Amino acid sequence: MRPLGFKTRLWLGHVAVLAAMLTLAAVGADWALRRAVLGRIIDDAVLWLASTEAAALQADPTQPVRVHEMAPGAGPPSFARLDKFVQITDLDGRVVARSTTLGTSRLPTPPGMLERAREGETVFGTVSDFGEEPIRMVLLPATVGATRYAIQVAMSLDDAYAVLHTGRWLVFSMSIVILGGIGFTSARLARRALQPIDRVVTRARRIGEANLADRLPHPGTQDEIGRLVETLNDMLSRLERSFEVQRRFTADAAHELRSPLSRLRAELEVTLRRRREVGDYEETLHSCLDEVERVQSLIEELLALARIDARQEPERPEPVPIGDIVAAAVAAVRPKALRRSIDVTIDRPADLLVTTAPVAAQVALANILDNAVKFSPFGGQVRITVTAGREEAVITVSDCGPGVAPEEAAQLFERFYRGKASRSAGAPGVGLGLAISRALVEGQGGRISVDMCSDAGATFSVRLPRA
């Protein structure tokens with residue numbers, strides 16, 4: 001069985017709650033109407049007439065016991081007596097007097113009601129088959145002289161039941177009309193309220209890798225649906241940027257791999273066109289070896305990035321002295337610095353503990369130091385400073401190279417991006433070192449940034465969480 005849709009379930013739930021509320025309201029209305037008709041109208045009417053008869057008997061106890069009826073022609077009609085039956089009995093159930101409305105009939109005197117009347121209790125009861133009609137009856141004990149009597153007053157319930165029946169049908173028909181009207185309205189409102197979601201779903205199904213620039217239609221409101229659409233559009237923007245980075249990364253990787261392979265193939269083809277001296281072959285092999293090493297270095301960096309992206313680094317963050325990270329990174333670039341006569345100085349306070357993966361932090365810092373050494377002039381200086389913040393430890397690396405143009409700072413950490421200074425100086429590299437550093441540092445909960453971009457050099461900052 002196919003599950004119901006959200007719109008249908010929402011409508012059914014609304015209708016079910018409304019039906020339950022209307023049912024409770026109908027039951028309550030029927031109870032209130034029944035209590036008003038039977039209790040306040042019927043019971044009050046028969047009790048008032050029984051009390052009136054008792055008062056009339058007690059006012060003149062020397063007279064014979066009788067029902068005080070209006071004499072014909074003595075006054076206006078007595079509406080209080082026209083539709084009521086009055087009967088006076090002793091407490092043994094023998095009829096003493098009765099009204100002319102009873103004719104030759106007599107009101108029933110159930111033994112249970114007489115027993116309660118003997119105890120001085122006013123008793124109400126309902127008889128369902130008196131003269132083919134249901135009646136409501138009261139039995140009121142009264143003492144006339146030295147004798148105790150029971151005054152019975154009864155009234156037909158046909159009209160009362162007709163009122164109750166009409167009231168029930170009225171409440172039922174009103175409930176059906178209300179339920180149908182609100183059910184129809186809620187269905188229209190649910191359809192209208194969910195139309196923006198339907199449009200979003202329709203547009204979302206059309207968005208694929210080829211048209212990630214498309215966005216979901218905004219309903220123009222700042223309600224829950226509007227915020228949902230804004231969130232989804234922000235997600236699409238991030239996905240678009242990610243796909244763009246991936247496409248650019250793929251293209252750049254193919255280009256960087258194709259260039260050395262093309263040079264390698266060209267050198268081999270030129271060398272094999274004719275026979276050459278042994279020295280020429282050795283020179284060609286050395287050149288080919290350099291290209292192979294460059295390709296191998298590029299592939300290793302690509303594999304490192306792939307492992308980082310796939311979160312396959314097995315190393316776990318742990319408290320590490322920041323001095324050990326700096327020392328290991330400096331040791332990794334020391335040979336290159338010595339070849340270029342670069343002075344690498346370290347200015348740091350007392351050792352701090354940071355929470356990071358040691359090898360990942362060392363590789364990230366070593367890549368930054370390698371760039372600083374690479375772009376600093378011969379005999380230049382690279383300065384490393386460690387400062388302590390409240391929640392972070394900051395490693396600052398400053399060089400005296402050509403610097404970074406301010407407009408390039410935002411792209412500096414992108415994969416395969418090489419700045420103007422790198423391209424103009426013909427420095428080796430493919431533009432993956434800083435991208436690897438950023439991925440490693442951010443994977444440890446840290447941050448990396450360029451703090452100074454000028455002709456006098458560049459300053460990079462690595463921020464790691466303190467232990």
# chains A, B, ... in the order shown; residues from 1 in each chain; ligands from 1
$ closest_atom_pairs --of "segment 21-80 of chain A" --to "segment 98-106 of chain A" --cutoff "10 Å" --atoms "only C-alpha atoms" --output "CSV"
residue,atom,partner,partner_atom,distance
A:Val65,CA,A:Arg98,CA,9.9
A:Arg66,CA,A:Arg98,CA,7.3
A:Val67,CA,A:Ser99,CA,5.9
A:His68,CA,A:Ser99,CA,8.2
A:Glu69,CA,A:Ser99,CA,7.3
$ select_by_dssp --residues "segment 182-412 of chain A" --states "strand (DSSP E)" --output "PyMOL selection string"
chain A and resi 318-321+343-347+353-356+381-388+392-398
$ atom_distance --atom1 "atom CA of Ala366 of chain A" --atom2 "atom CA of Glu442 of chain A"
15.6 Å
$ atom_distance --atom1 "atom CA of Glu240 of chain A" --atom2 "atom CA of Arg205 of chain A"
15.9 Å
$ atom_distance --atom1 "atom CA of Cys288 of chain A" --atom2 "atom CA of Arg339 of chain A"
23.9 Å
$ select_by_dssp --residues "segment 110-204 of chain A" --states "alpha helix (DSSP H)" --output "count of residues only"
55
$ residues_around --residues "Gly5 of chain A" --least-positions-apart "5" --cutoff "12 Å" --atoms "only C-alpha atoms" --output "list in words"
Leu10, Trp11, Leu12, Arg191 and Leu194 of chain A
